[in-house]
Structures are given as C-alpha cells and as structure tokens.
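Below is query00.csv, holding CSV, C-alpha atoms and all ligand atoms.
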chain,number,residue,atom,x,y,z
A,1,MET,CA,-25.2,-20.8,-5.7
A,2,LYS,CA,-28.4,-19.0,-6.7
A,3,CYS,CA,-28.5,-16.7,-9.6
A,4,SER,CA,-31.2,-14.3,-11.0
A,5,ILE,CA,-31.7,-11.3,-13.2
A,6,ILE,CA,-33.3,-8.4,-11.4
A,7,ASN,CA,-35.2,-5.9,-13.5
A,8,ASN,CA,-36.7,-2.9,-11.9
A,9,GLN,CA,-37.5,0.6,-13.0
A,10,ASN,CA,-34.0,2.0,-12.9
A,11,SER,CA,-31.7,-0.9,-13.2
A,12,ASN,CA,-31.0,-4.3,-14.6
A,13,TYR,CA,-28.4,-6.5,-12.9
A,14,LEU,CA,-27.4,-10.0,-12.1
A,15,LYS,CA,-27.8,-11.2,-8.5
A,16,ILE,CA,-25.7,-14.1,-7.2
A,17,ILE,CA,-26.1,-15.6,-3.7
A,18,HIS,CA,-23.0,-17.6,-2.9
A,19,LYS,CA,-22.1,-19.1,0.5
A,20,ASN,CA,-24.8,-16.9,2.2
A,21,ARG,CA,-23.5,-13.7,0.6
A,22,SER,CA,-25.3,-11.7,-1.9
A,23,TYR,CA,-23.5,-10.1,-4.9
A,24,ASN,CA,-25.0,-7.7,-7.5
A,25,PHE,CA,-23.3,-7.2,-10.9
A,26,SER,CA,-24.2,-4.5,-13.4
A,27,PRO,CA,-24.1,-5.2,-17.1
A,28,THR,CA,-21.1,-2.8,-17.6
A,29,TRP,CA,-19.2,-4.4,-14.7
A,30,LEU,CA,-19.7,-7.8,-16.1
A,31,LEU,CA,-18.7,-6.9,-19.6
A,32,GLU,CA,-15.5,-5.2,-18.3
A,33,HIS,CA,-14.7,-8.4,-16.4
A,34,SER,CA,-15.2,-10.7,-19.4
A,35,THR,CA,-12.2,-12.7,-20.4
A,36,GLU,CA,-13.5,-13.4,-24.0
A,37,LEU,CA,-10.8,-12.7,-26.6
A,38,CYS,CA,-12.8,-9.8,-28.0
A,39,ILE,CA,-12.6,-8.0,-24.6
A,40,ARG,CA,-9.3,-8.9,-23.1
A,41,ASP,CA,-5.9,-9.7,-24.6
A,42,LYS,CA,-5.1,-13.4,-23.7
A,43,GLN,CA,-1.4,-12.8,-23.2
A,44,THR,CA,-1.4,-9.6,-21.2
A,45,ASN,CA,-4.9,-9.8,-19.7
A,46,GLN,CA,-5.3,-6.1,-20.6
A,47,LEU,CA,-8.6,-4.7,-21.8
A,48,LEU,CA,-9.0,-4.3,-25.5
A,49,ILE,CA,-12.3,-2.3,-25.5
A,50,GLU,CA,-12.7,1.2,-24.2
A,51,ALA,CA,-14.7,0.5,-21.1
A,52,ALA,CA,-15.9,4.1,-20.8
A,53,GLU,CA,-17.7,3.7,-24.1
A,54,ILE,CA,-19.8,0.6,-23.2
A,55,ASP,CA,-23.4,1.3,-24.1
A,56,GLN,CA,-25.1,2.8,-21.1
A,57,ASP,CA,-28.3,1.0,-22.1
A,58,LEU,CA,-26.6,-2.4,-22.2
A,59,LYS,CA,-28.8,-5.0,-20.4
A,60,ILE,CA,-28.4,-8.6,-19.2
A,61,ASP,CA,-30.9,-10.7,-21.2
A,62,LYS,CA,-30.4,-14.1,-19.9
A,63,PHE,CA,-27.9,-16.5,-18.3
A,64,LYS,CA,-27.2,-20.2,-18.2
A,65,SER,CA,-25.5,-21.9,-15.3
A,66,ILE,CA,-23.3,-24.9,-16.1
A,67,LYS,CA,-21.4,-26.4,-13.0
A,68,ASP,CA,-19.0,-23.6,-11.8
A,69,LYS,CA,-19.6,-21.5,-14.9
A,70,LEU,CA,-22.1,-18.8,-15.8
A,71,ILE,CA,-22.8,-17.9,-19.4
A,72,VAL,CA,-24.4,-14.5,-19.7
A,73,ARG,CA,-26.2,-13.1,-22.8
A,74,PHE,CA,-26.3,-9.3,-23.1
A,75,SER,CA,-28.8,-7.1,-25.1
A,76,ASP,CA,-26.2,-6.6,-27.8
A,77,LYS,CA,-26.5,-10.4,-28.4
A,78,SER,CA,-22.9,-11.1,-27.2
A,79,GLU,CA,-22.3,-14.1,-24.9
A,80,HIS,CA,-19.7,-14.2,-22.2
A,81,SER,CA,-18.7,-16.9,-19.9
A,82,TYR,CA,-17.5,-16.4,-16.3
A,83,LEU,CA,-16.2,-18.7,-13.5
A,84,VAL,CA,-18.4,-18.0,-10.5
A,85,LYS,CA,-15.3,-18.1,-8.2
A,86,ASP,CA,-13.7,-15.2,-10.2
A,87,LEU,CA,-16.9,-13.1,-9.8
A,88,VAL,CA,-17.2,-13.6,-6.0
A,89,SER,CA,-13.6,-13.5,-5.0
A,90,SER,CA,-12.9,-10.4,-2.9
A,91,ARG,CA,-9.7,-8.5,-2.4
A,92,GLN,CA,-7.3,-10.7,-0.5
A,93,LYS,CA,-6.5,-9.4,3.0
A,94,VAL,CA,-2.8,-9.3,3.8
A,95,LYS,CA,-1.8,-10.7,7.2
A,96,LYS,CA,-0.5,-8.0,9.5
A,97,THR,CA,0.7,-8.8,13.0
A,98,LEU,CA,0.7,-5.7,15.2
A,99,TRP,CA,3.4,-5.6,17.9
A,100,ASN,CA,4.9,-3.6,20.8
A,101,ASN,CA,7.9,-4.2,23.0
A,102,SER,CA,6.4,-7.5,24.3
A,103,ILE,CA,6.9,-9.0,20.8
A,104,LYS,CA,7.8,-12.6,21.3
A,105,GLU,CA,10.6,-12.7,18.7
A,106,ILE,CA,12.2,-10.2,16.4
A,107,PRO,CA,12.0,-11.6,12.8
A,108,GLU,CA,15.6,-12.3,12.1
A,109,PHE,CA,17.4,-14.0,9.2
A,110,ASN,CA,20.9,-15.0,8.4
A,111,PHE,CA,22.1,-13.6,5.1
A,112,LYS,CA,24.7,-16.4,4.7
A,113,LYS,CA,21.8,-18.8,4.2
A,114,LEU,CA,20.2,-16.7,1.5
A,115,ASN,CA,18.3,-18.7,-1.2
A,116,ASP,CA,14.9,-18.2,-2.9
A,117,GLN,CA,13.0,-19.7,0.1
A,118,LEU,CA,14.7,-17.4,2.6
A,119,LEU,CA,14.2,-14.3,0.4
A,120,LYS,CA,10.5,-15.2,0.3
A,121,GLU,CA,10.4,-15.5,4.1
A,122,ILE,CA,12.3,-12.2,4.5
A,123,LEU,CA,9.8,-10.3,2.2
A,124,ASN,CA,6.8,-11.9,4.0
A,125,ALA,CA,8.2,-10.9,7.4
A,126,ILE,CA,8.5,-7.3,6.2
A,127,ASP,CA,4.9,-7.4,5.0
A,128,GLU,CA,3.6,-9.0,8.2
A,129,PHE,CA,5.6,-7.2,10.9
A,130,GLY,CA,6.8,-4.1,9.0
A,131,PHE,CA,10.4,-4.9,9.7
A,132,CYS,CA,13.1,-7.5,10.1
A,133,LEU,CA,16.7,-7.9,11.0
A,134,ILE,CA,19.2,-9.5,8.7
A,135,ARG,CA,22.5,-10.8,10.3
A,136,ASN,CA,25.8,-11.3,8.6
A,137,MET,CA,25.5,-8.9,5.7
A,138,PRO,CA,28.8,-8.0,4.1
A,139,THR,CA,30.4,-5.1,5.9
A,140,THR,CA,31.6,-3.5,2.6
A,141,ARG,CA,30.5,0.0,1.7
A,142,ASN,CA,27.8,-1.1,-0.7
A,143,GLY,CA,27.0,-4.3,1.2
A,144,ILE,CA,23.3,-3.5,1.0
A,145,HIS,CA,23.3,-4.4,-2.7
A,146,ALA,CA,24.2,-8.0,-1.8
A,147,LEU,CA,20.5,-8.4,-0.8
A,148,THR,CA,18.7,-5.6,-2.7
A,149,LYS,CA,20.0,-6.9,-6.1
A,150,HIS,CA,17.7,-9.9,-5.6
A,151,ILE,CA,14.7,-7.6,-5.0
A,152,GLY,CA,15.0,-4.5,-7.2
A,153,PRO,CA,16.8,-1.2,-7.8
A,154,ILE,CA,17.6,1.2,-5.0
A,155,LYS,CA,15.6,4.4,-5.2
A,156,GLU,CA,17.7,7.4,-6.2
A,157,THR,CA,17.0,10.5,-4.3
A,158,ASN,CA,18.7,13.9,-4.1
A,159,TRP,CA,21.2,12.2,-1.7
A,160,GLY,CA,22.1,9.7,-4.4
A,161,ASN,CA,21.8,5.9,-4.2
A,162,ILE,CA,23.1,4.4,-0.9
A,163,ALA,CA,23.8,7.2,1.5
A,164,ASP,CA,26.2,7.6,4.4
A,165,ILE,CA,24.9,8.0,7.9
A,166,LYS,CA,27.9,9.3,9.7
A,167,ASN,CA,28.7,12.2,12.0
A,168,ILE,CA,30.0,15.0,9.7
A,169,LYS,CA,31.0,18.6,10.3
A,170,LYS,CA,28.7,20.2,7.8
A,171,ALA,CA,25.6,18.1,8.5
A,172,TYR,CA,22.7,18.7,6.0
A,173,ASP,CA,20.4,16.5,8.1
A,174,LEU,CA,20.4,15.8,11.8
A,175,THR,CA,21.1,12.1,11.0
A,176,MET,CA,24.6,13.2,10.3
A,177,THR,CA,25.2,14.3,13.9
A,178,GLU,CA,25.7,12.4,17.2
A,179,ARG,CA,22.4,13.7,18.4
A,180,ALA,CA,19.6,11.4,19.4
A,181,LEU,CA,16.9,11.1,16.7
A,182,GLU,CA,13.3,10.9,17.9
A,183,ASN,CA,11.1,8.3,16.4
A,184,HIS,CA,10.0,9.2,12.9
A,185,THR,CA,9.2,8.0,9.5
A,186,ASP,CA,11.5,9.1,6.7
A,187,ASN,CA,10.9,11.9,4.2
A,188,PRO,CA,7.2,12.6,4.4
A,189,TYR,CA,8.0,15.7,2.4
A,190,ARG,CA,8.6,13.4,-0.6
A,191,PHE,CA,5.7,12.2,-2.7
A,192,PRO,CA,5.5,9.3,-3.1
A,193,THR,CA,7.5,8.7,0.1
A,194,GLN,CA,10.0,5.9,-0.2
A,195,GLY,CA,8.5,2.6,0.8
A,196,TYR,CA,11.3,0.7,2.5
A,197,ILE,CA,14.4,1.6,4.4
A,198,PHE,CA,17.5,-0.7,4.4
A,199,LEU,CA,19.7,0.4,7.4
A,200,HIS,CA,23.1,-1.3,7.2
A,201,CYS,CA,25.6,-1.2,10.1
A,202,ILE,CA,29.2,-1.3,9.0
A,203,LYS,CA,30.5,-0.1,12.4
A,204,ASN,CA,28.7,1.0,15.5
A,205,SER,CA,29.8,3.3,18.3
A,206,LYS,CA,30.8,1.7,21.6
A,207,VAL,CA,28.5,4.0,23.6
A,208,GLY,CA,24.9,4.7,22.5
A,209,GLY,CA,23.5,4.6,19.0
A,210,GLU,CA,20.8,2.0,19.6
A,211,ASN,CA,17.9,2.0,17.2
A,212,THR,CA,14.3,2.1,18.3
A,213,LEU,CA,11.4,0.8,16.3
A,214,VAL,CA,7.7,1.4,16.8
A,215,ASP,CA,4.7,-0.2,15.0
A,216,GLY,CA,2.8,2.8,13.6
A,217,PHE,CA,-0.2,0.7,12.8
A,218,ASN,CA,-0.5,-0.4,16.4
A,219,ILE,CA,-0.2,3.3,17.5
A,220,ALA,CA,-3.0,4.2,15.1
A,221,LYS,CA,-5.1,1.4,16.6
A,222,GLN,CA,-4.3,2.5,20.1
A,223,ILE,CA,-5.3,6.1,19.5
A,224,LYS,CA,-8.5,5.0,17.7
A,225,LYS,CA,-9.4,3.0,20.8
A,226,LYS,CA,-8.6,5.9,23.2
A,227,SER,CA,-10.4,8.6,21.2
A,228,ILE,CA,-12.2,8.3,17.8
A,229,GLU,CA,-12.2,12.1,17.5
A,230,LYS,CA,-8.4,12.3,17.8
A,231,TYR,CA,-8.0,9.4,15.3
A,232,ASN,CA,-10.3,11.2,12.9
A,233,ILE,CA,-8.4,14.5,13.0
A,234,LEU,CA,-5.1,12.7,12.5
A,235,ARG,CA,-6.6,11.0,9.5
A,236,ASP,CA,-8.3,14.1,8.0
A,237,PHE,CA,-6.0,17.1,8.8
A,238,LYS,CA,-3.5,17.8,6.0
A,239,THR,CA,-0.3,18.9,7.7
A,240,PHE,CA,2.8,20.0,5.7
A,241,PHE,CA,6.3,18.7,5.5
A,242,GLN,CA,9.2,20.3,3.8
A,243,TYR,CA,12.9,19.7,3.1
A,244,LYS,CA,15.1,22.5,1.8
A,245,ASP,CA,18.7,23.0,1.0
A,246,LYS,CA,20.5,25.1,-1.6
A,247,ASP,CA,19.7,22.7,-4.4
A,248,THR,CA,16.5,21.0,-3.3
A,249,LEU,CA,13.0,21.9,-2.2
A,250,LEU,CA,10.7,19.0,-1.4
A,251,ASP,CA,7.2,19.4,0.1
A,252,ASN,CA,4.0,17.5,0.7
A,253,TYR,CA,0.6,18.2,2.3
A,254,CYS,CA,-0.5,14.9,3.9
A,255,SER,CA,-2.1,13.5,7.1
A,256,LEU,CA,-0.3,11.6,9.9
A,257,ILE,CA,-2.7,8.6,9.4
A,258,GLU,CA,-3.7,7.6,5.9
A,259,THR,CA,-6.5,5.1,5.3
A,260,ASP,CA,-8.0,3.3,2.4
A,261,HIS,CA,-11.7,3.3,1.4
A,262,GLU,CA,-12.6,0.8,4.2
A,263,ASP,CA,-10.7,2.9,6.8
A,264,ASN,CA,-7.9,0.4,7.1
A,265,VAL,CA,-4.7,2.3,8.0
A,266,VAL,CA,-2.3,2.1,5.1
A,267,GLN,CA,0.3,4.7,6.1
A,268,VAL,CA,1.5,6.4,9.2
A,269,ARG,CA,3.7,9.5,9.1
A,270,PHE,CA,5.5,11.4,11.8
A,271,ASN,CA,8.5,13.6,11.4
A,272,ASN,CA,8.9,16.4,13.9
A,273,ARG,CA,12.1,17.7,12.3
A,274,THR,CA,10.4,18.6,9.0
A,275,GLU,CA,6.8,19.3,9.8
A,276,ILE,CA,5.6,22.9,9.3
A,277,ILE,CA,2.1,23.0,10.5
A,278,PRO,CA,0.0,25.0,8.0
A,279,TYR,CA,-2.3,27.9,8.8
A,280,ASP,CA,-5.8,27.0,9.7
A,281,ASN,CA,-8.5,28.2,12.1
A,282,ILE,CA,-7.8,28.0,15.8
A,283,LYS,CA,-10.3,25.3,16.5
A,284,ARG,CA,-8.9,22.9,13.9
A,285,ILE,CA,-5.3,23.7,14.9
A,286,ASN,CA,-6.1,23.0,18.5
A,287,ARG,CA,-7.8,19.8,17.7
A,288,TYR,CA,-4.9,18.6,15.5
A,289,THR,CA,-2.2,19.6,18.0
A,290,ASP,CA,-4.0,17.9,20.9
A,291,ALA,CA,-4.4,14.7,18.9
A,292,ARG,CA,-0.7,14.9,17.7
A,293,ARG,CA,0.3,15.3,21.4
A,294,GLU,CA,-1.5,12.0,22.3
A,295,PHE,CA,-0.1,10.3,19.2
A,296,TRP,CA,3.4,11.3,20.2
A,297,LYS,CA,3.0,10.1,23.8
A,298,LEU,CA,2.1,6.6,22.4
A,299,ILE,CA,5.0,6.7,19.9
A,300,LYS,CA,7.4,7.6,22.8
A,301,SER,CA,6.0,5.2,25.3
A,302,LYS,CA,8.5,2.5,26.4
A,303,SER,CA,5.9,-0.2,26.0
A,304,ASN,CA,5.7,0.5,22.3
A,305,ASN,CA,9.4,0.7,21.5
A,306,ILE,CA,11.7,-2.1,20.8
A,307,VAL,CA,15.5,-1.4,20.9
A,308,ILE,CA,18.1,-3.0,18.7
A,309,LYS,CA,21.8,-2.2,18.9
A,310,GLN,CA,23.1,-3.2,15.5
A,311,LYS,CA,26.4,-5.0,15.2
A,312,PRO,CA,28.6,-4.8,12.1
A,313,GLY,CA,26.9,-6.7,9.3
A,314,ASP,CA,23.4,-6.2,10.8
A,315,MET,CA,20.8,-4.7,8.5
A,316,ILE,CA,17.3,-3.6,9.6
A,317,ILE,CA,14.7,-3.4,6.9
A,318,MET,CA,11.7,-1.3,7.7
A,319,ASP,CA,8.4,-0.5,6.0
A,320,ASN,CA,8.5,3.3,6.0
A,321,TYR,CA,4.7,3.4,5.6
A,322,ARG,CA,4.3,1.6,8.9
A,323,VAL,CA,7.3,1.5,11.2
A,324,LEU,CA,8.8,4.6,13.0
A,325,HIS,CA,12.4,4.5,13.9
A,326,GLY,CA,14.7,6.5,16.1
A,327,ARG,CA,18.3,6.5,17.4
A,328,ALA,CA,19.8,7.0,20.8
A,329,LYS,CA,22.5,9.7,20.9
A,330,TYR,CA,26.0,8.2,20.7
A,331,LYS,CA,29.6,9.1,21.6
A,332,ASP,CA,32.4,7.7,19.7
A,333,VAL,CA,35.9,9.1,20.2
A,334,ASP,CA,37.4,8.1,16.9
A,335,ASN,CA,34.2,8.9,14.9
A,336,GLN,CA,34.0,5.3,13.7
A,337,ARG,CA,30.2,4.8,13.7
A,338,TYR,CA,29.4,4.2,10.1
A,339,PHE,CA,26.0,3.2,8.8
A,340,ARG,CA,24.7,3.1,5.2
A,341,GLN,CA,21.2,3.5,4.1
A,342,GLY,CA,19.2,2.7,0.9
A,343,TYR,CA,15.6,3.0,0.0
A,344,LEU,CA,13.4,0.8,-2.2
A,345,ASP,CA,10.2,2.0,-3.7
A,346,ARG,CA,7.0,0.4,-2.4
A,347,ASP,CA,5.9,-1.1,-5.7
A,348,ILE,CA,9.4,-2.7,-6.3
A,349,LEU,CA,9.4,-4.8,-3.1
A,350,GLN,CA,5.7,-5.5,-3.2
A,351,SER,CA,5.9,-6.8,-6.7
A,352,LYS,CA,8.8,-9.1,-5.8
A,353,LEU,CA,6.9,-10.4,-2.8
A,354,LYS,CA,3.8,-11.2,-4.8
A,355,ILE,CA,5.7,-12.9,-7.6
A,356,MET,CA,7.7,-15.0,-5.0
A,357,ASN,CA,4.6,-16.0,-3.2
A,358,GLU,CA,3.2,-17.4,-6.5
A,359,ILE,CA,6.3,-19.2,-7.7
A,360,VAL,CA,8.4,-20.3,-4.7
A,361,THR,CA,6.8,-23.1,-2.8
A,401,FE,FE,15.3,8.1,9.5
Representation of the structure as structure tokens:
Amino acid sequence: MKCSIINNQNSNYLKIIHKNRSYNFSPTWLLEHSTELCIRDKQTNQLLIEAAEIDQDLKIDKFKSIKDKLIVRFSDKSEHSYLVKDLVSSRQKVKKTLWNNSIKEIPEFNFKKLNDQLLKEILNAIDEFGFCLIRNMPTTRNGIHALTKHIGPIKETNWGNIADIKNIKKAYDLTMTERALENHTDNPYRFPTQGYIFLHCIKNSKVGGENTLVDGFNIAKQIKKKSIEKYNILRDFKTFFQYKDKDTLLDNYCSLIETDHEDNVVQVRFNNRTEIIPYDNIKRINRYTDARREFWKLIKSKSNNIVIKQKPGDMIIMDNYRVLHGRAKYKDVDNQRYFRQGYLDRDILQSKLKIMNEIVT
C-alpha cells in the first residue's frame, strides 16, 4: 500500500494505491467516515456530527501509516484513525444467476425440513435466481404465514393481507377469472412496488392453470445485446401504470427497465393489463412501442419460460423486481382451484437475508 497527500491548486486529498488500484479521498469524505467517538456513536454507528456543516476549507495535514492502519491529521488539529481495508472496500456485488428454460434445476426446498440453515438457503436462492419453489407447505387458508412469520410481516394492500386467487363472479382483477394471464410483474402502479410474491397453492385445477416464470434480468440482457437503442428507450421512457376501482386509485410513472448508477438492471416491469401509455411526441412513442414489442417477444418466447404446475402445498416465491409470471387458462368444473397470495416488502426480506448471512454459519 502506498499513501500520499496530494495538494494542487484546487484540491487537497489523500491518495492510496492498494493492490494496483488507486483511491482518492477528500478531507470531508474521510472525516465523515471516521469512527472516532466524537464523530460516530459507538453503539448505533450513526453519525453524531452534521456532515453538511463540515468546514469546506478542511485540509489533510499529514498522515502516519502503522501496519494496516492510517492515522490522519486534519487542519483543525483533530486526528482520526482508519483501517485501510475499510477505506478501500467497495460495495459487495450480489451473485445473480440468470436463467431461461434450460435452467438445470429449479431451486426447490422442503418446508417440513425448515430450520435456520434451510431458511438461509431459501432466501439466498431467491436473491440469486429471483425465485424458488417450496414443497409441503400447510394447505390451510393462511398457510403462507407458516414461512413468512420467520421472515417478516406480510405487506398490507388495498386487497388486505393474504388475498384469494379464485374464479369469482364479480372479478375486480383478471386474476379472479379462468382466463390465461400473460407474463407480468405485479402492481407496477404501486410505489414502491411490492418486492416479493408468495403464491401458495391450496388446490389446483385438473386442466390448465400452470404457472410460467421468466427471468426479467435475462430478458433485459438479451435486449441490450440485440439493440442498445431499444434497451436505452426501455430504460429511459417513463410509461404510466394505473389501477382504479370505486375505492382505490393507484398510479405510477416508471420505466420498464430500471438501472442503478452503474447501469446494472435493478428492476424490470411489465404489465400489459394496467399500462396506459402517456402522451408524447410521435417519434418517442414509436421508439418506445417498437422496443416494447421486442421486449415482449423475448418475454413470450418459449425458450425464456419455465412452466410449473403447482400441487397443493406448493408455494412459489418470486422477486417481483426481477421475475415475470403468468398463468395458463384453466377449466375446473367445481370451481375448486384455490390459490392464496401474499406480498413482502423488499426491505423486509433483504434485511432478513443479510442478517442470516451474518449469523447463520
Ligand atoms: Fe400476478
């Protein structure tokens, strides 16, 4: 590790060269990252100073390097010590395995064997593949809770807590009919959109009703490879989704592909039933609808779809920011098909996952 203070006309900063990578740290950044007791609370690790009030003329005066530590002295005469590994550690990349219908194995778990280790494996599979299948869940009405009570609370929506998916006469959503459902993500008209879907089969129909799953991150990758222009418009064009009934009006302007600051795809949306394309100039509308047409072709393509016919007690868990799902139409004479569905917020499941990865070995 090599360390130096760089002073030039406009700036003063600390330069570290570590494992052939160069890192530059401004005085304000360094002070904000100090773990000294006057800066950060020991118990909560929260900042005690008002970072936005750090003196803009603060400078790094000198530093001392002792083994894996750096002691930095600032122009206000304060001294702060840092572990080099903390300064140079970058954001951890989460392992994502993209798939299509040639996926080797569907990530599958047996609820009857549930313990901390299995729960950790379930949450990691959801994070890596965007879905998993749990066998042998209780086939009771609120059987979903048997698993979710170990993760966190079900998200309440205008449809309540755990909702029925059943063919009913006065359907307020097309899920409540025997009709096929095209691949989609749930509720893009809601902000934030629910993070995870727990789809629990209590009884399935004899004919039809298979579920399809598509890896939206893989679709985004495929369209990017085919046409960067189409990928860019799907990322940049803000379309509009809306849900309306007599008591509820939910709407959201958002894109079909959402990325982070490094252009990593973090969310895919598609919901033909509730999209209301907003007014825009002809050129942009044509570019968007052309790109959406290509996007849909890939979503529909057999090679990208896996098909699962759930048996009673089977529950599919899906990352609603990544995986699209659909359903084949079904016919069931006695109207016995009965599924239940619950949602979990993204932060709830992610928090449990991170904590379990730290403590369950
Ligand atoms: Fe759905």
Go through chain A residue by residue and, counting all atoms listed in the file, keep those with an atom at most 7 Å from ligand FE 401 (chain A); for each kept residue give the shortest atom pair and its distance in Å to one decimal, ordered by chain and increasing number, as CSV.
residue,atom,partner,partner_atom,distance
A:His184,CA,A:FE401,FE,6.4
A:Thr185,CA,A:FE401,FE,6.1
A:Asp186,CA,A:FE401,FE,4.8
A:His325,CA,A:FE401,FE,6.4
A:Gly326,CA,A:FE401,FE,6.8
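Using all atoms listed in the file, the protein and nucleic acid residues lying at most 10 Å from the point (-10.8, 4.1, 9.1) are Ala220, Lys221, Lys224, Ile228, Tyr231, Asn232, Arg235, Ile257, Glu258, Thr259, Asp260, His261, Glu262, Asp263, Asn264, Val265 and Val266 of chain A.
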Counting all atoms listed in the file, note down every residue that has an atom within 9 Å of the point (12.0, -10.1, 17.2) (file coordinates), as a JSON list (two decimals) with C-alpha atoms, in the coordinates of the input.
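Everything below was put into out24.json:
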[["chain", "number", "residue", "atom", "x", "y", "z"],
["A", 103, "ILE", "CA", 6.90, -9.00, 20.80],
["A", 104, "LYS", "CA", 7.80, -12.60, 21.30],
["A", 105, "GLU", "CA", 10.60, -12.70, 18.70],
["A", 106, "ILE", "CA", 12.20, -10.20, 16.40],
["A", 107, "PRO", "CA", 12.00, -11.60, 12.80],
["A", 108, "GLU", "CA", 15.60, -12.30, 12.10],
["A", 132, "CYS", "CA", 13.10, -7.50, 10.10],
["A", 133, "LEU", "CA", 16.70, -7.90, 11.00],
["A", 306, "ILE", "CA", 11.70, -2.10, 20.80]]
>> Neighbouring residues of A:Ala146 were defined as those with any atom within 12 Å, considering only C-alpha atoms; residues of the same chain fewer than 2 positions away were excluded. Please report them as a ChimeraX atom specification.
In response: /A:111-112,114,134,136-144,148-154,198,200,313,315
>> Could you list, as a PyMOL selection string, every residue within 7 Å of A:Asn252, counting all atoms listed in the file and ignoring same-chain residues fewer than 2 positions away?
In response: chain A and resi 188-191+240-242+254
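Taking all atoms listed in the file, the non-local environment of A:Thr97 within 9 Å (same-chain residues fewer than 5 positions away omitted) comprises A:Glu128, A:Phe129, A:Gly130.
Within 8 Å of stretch 30-37 of chain A there are Asn45, Leu47, Ala51, His80, Ser81 and Tyr82 of chain A, counting only C-alpha atoms and ignoring same-chain residues fewer than 6 positions away.
Residue nearest A:Arg287, chosen from A:Ile308, A:Ile233, A:Leu344, A:Met1 and counting all atoms listed in the file: A:Ile233.
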Once you count all atoms listed in the file, what closest atom pair and distance in Å to one decimal does each residue of stretch 186-275 of chain A within 12 Å of stretch 167-176 of chain A have, with rows by chain and rising residue number, as CSV?
residue,atom,partner,partner_atom,distance
A:Asp186,CA,A:Thr175,CA,10.9
A:Asn187,CA,A:Asp173,CA,11.3
A:Asn204,CA,A:Asn167,CA,11.7
A:Ser205,CA,A:Asn167,CA,11.0
A:Gly209,CA,A:Thr175,CA,11.2
A:Tyr243,CA,A:Asp173,CA,9.6
A:Lys244,CA,A:Tyr172,CA,9.5
A:Asp245,CA,A:Tyr172,CA,7.7
A:Lys246,CA,A:Tyr172,CA,10.2
A:Asp247,CA,A:Tyr172,CA,11.5
A:Thr248,CA,A:Tyr172,CA,11.4
A:Asn272,CA,A:Leu174,CA,11.7
A:Arg273,CA,A:Leu174,CA,8.5
A:Thr274,CA,A:Asp173,CA,10.3
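Our summary of the geometry notes that atom CA of A:Thr289 is positioned 28.2 Å from atom CA of A:Thr177.
Residue nearest A:Leu147, chosen from A:Glu358, A:Asp319, A:Asp116, A:Glu229 and counting only C-alpha atoms: A:Asp116.
In this structure, atom CA of A:Asn183 sits 7.7 Å away from atom CA of A:Asn271.
Between atom CA of A:Asn101 and atom CA of A:Val307 there is a distance of 8.4 Å.
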>> Residues near stretch 155-162 of chain A, anyone? I mean within 6 Å using all atoms listed in the file, not counting same-chain ones fewer than 4 positions away, as a PyMOL selection string.
In response: chain A and resi 341-344
Selection from above, C-alpha atoms, as a PDB file, in the frame of the given file, can you write it?
ATOM      1  CA  GLN A 341      21.200   3.500   4.100  1.00  0.00           C
ATOM      2  CA  GLY A 342      19.200   2.700   0.900  1.00  0.00           C
ATOM      3  CA  TYR A 343      15.600   3.000   0.000  1.00  0.00           C
ATOM      4  CA  LEU A 344      13.400   0.800  -2.200  1.00  0.00           C
TER       5      LEU A 344
END
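Using all atoms listed in the file, the shortest contact distance between A:Ala328 and any of A:Arg135, A:Leu119, A:Glu182, A:Ser75 is found at A:Glu182.
Take the candidates A:Gln267, A:Ser89, A:Thr239, A:Asn12 and check each one against A:Pro192 using all atoms listed in the file; the shortest distance goes to A:Gln267.
Distances from A:Gln350, A:Asn286, A:Ser11, A:Ser26 to A:Asp127 were compared using only C-alpha atoms, and the smallest one belongs to A:Gln350.
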Would you fill out stretch 279-283 of chain A with all heavy atoms and return it as a PDB file, in the coordinates of the input?
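Contents of part.pdb, freshly written:
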ATOM      1  N   TYR A 279      -1.273  27.013   8.176  1.00  0.00           N
ATOM      2  CA  TYR A 279      -2.300  27.900   8.800  1.00  0.00           C
ATOM      3  C   TYR A 279      -3.646  27.304   8.687  1.00  0.00           C
ATOM      4  O   TYR A 279      -4.013  26.738   7.651  1.00  0.00           O
ATOM      5  CB  TYR A 279      -2.231  29.292   8.101  1.00  0.00           C
ATOM      6  CG  TYR A 279      -3.228  30.231   8.728  1.00  0.00           C
ATOM      7  CD1 TYR A 279      -2.930  30.869   9.931  1.00  0.00           C
ATOM      8  CD2 TYR A 279      -4.485  30.415   8.160  1.00  0.00           C
ATOM      9  CE1 TYR A 279      -3.861  31.685  10.548  1.00  0.00           C
ATOM     10  CE2 TYR A 279      -5.429  31.230   8.764  1.00  0.00           C
ATOM     11  CZ  TYR A 279      -5.111  31.859   9.961  1.00  0.00           C
ATOM     12  OH  TYR A 279      -6.036  32.649  10.576  1.00  0.00           O
ATOM     13  N   ASP A 280      -4.414  27.397   9.760  1.00  0.00           N
ATOM     14  CA  ASP A 280      -5.800  27.000   9.700  1.00  0.00           C
ATOM     15  C   ASP A 280      -6.537  27.672  10.869  1.00  0.00           C
ATOM     16  O   ASP A 280      -5.885  28.385  11.654  1.00  0.00           O
ATOM     17  CB  ASP A 280      -5.901  25.425   9.923  1.00  0.00           C
ATOM     18  CG  ASP A 280      -7.151  24.838   9.256  1.00  0.00           C
ATOM     19  OD1 ASP A 280      -8.193  25.523   9.257  1.00  0.00           O
ATOM     20  OD2 ASP A 280      -7.087  23.707   8.754  1.00  0.00           O
ATOM     21  N   ASN A 281      -7.851  27.488  10.991  1.00  0.00           N
ATOM     22  CA  ASN A 281      -8.500  28.200  12.100  1.00  0.00           C
ATOM     23  C   ASN A 281      -8.142  27.582  13.436  1.00  0.00           C
ATOM     24  O   ASN A 281      -7.743  26.421  13.523  1.00  0.00           O
ATOM     25  CB  ASN A 281     -10.046  28.260  11.858  1.00  0.00           C
ATOM     26  CG  ASN A 281     -10.698  26.888  11.979  1.00  0.00           C
ATOM     27  OD1 ASN A 281     -10.478  26.190  12.964  1.00  0.00           O
ATOM     28  ND2 ASN A 281     -11.478  26.521  10.984  1.00  0.00           N
ATOM     29  N   ILE A 282      -8.279  28.400  14.490  1.00  0.00           N
ATOM     30  CA  ILE A 282      -7.800  28.000  15.800  1.00  0.00           C
ATOM     31  C   ILE A 282      -8.368  26.695  16.284  1.00  0.00           C
ATOM     32  O   ILE A 282      -7.661  25.847  16.822  1.00  0.00           O
ATOM     33  CB  ILE A 282      -8.155  29.126  16.860  1.00  0.00           C
ATOM     34  CG1 ILE A 282      -7.437  30.422  16.525  1.00  0.00           C
ATOM     35  CG2 ILE A 282      -7.863  28.688  18.293  1.00  0.00           C
ATOM     36  CD1 ILE A 282      -5.975  30.427  16.868  1.00  0.00           C
ATOM     37  N   LYS A 283      -9.654  26.504  15.996  1.00  0.00           N
ATOM     38  CA  LYS A 283     -10.300  25.300  16.500  1.00  0.00           C
ATOM     39  C   LYS A 283      -9.665  24.038  15.877  1.00  0.00           C
ATOM     40  O   LYS A 283      -9.353  23.083  16.586  1.00  0.00           O
ATOM     41  CB  LYS A 283     -11.800  25.374  16.098  1.00  0.00           C
ATOM     42  CG  LYS A 283     -12.669  24.456  16.908  1.00  0.00           C
ATOM     43  CD  LYS A 283     -14.128  24.657  16.556  1.00  0.00           C
ATOM     44  CE  LYS A 283     -14.914  23.416  16.937  1.00  0.00           C
ATOM     45  NZ  LYS A 283     -16.199  23.358  16.319  1.00  0.00           N
TER      46      LYS A 283
END
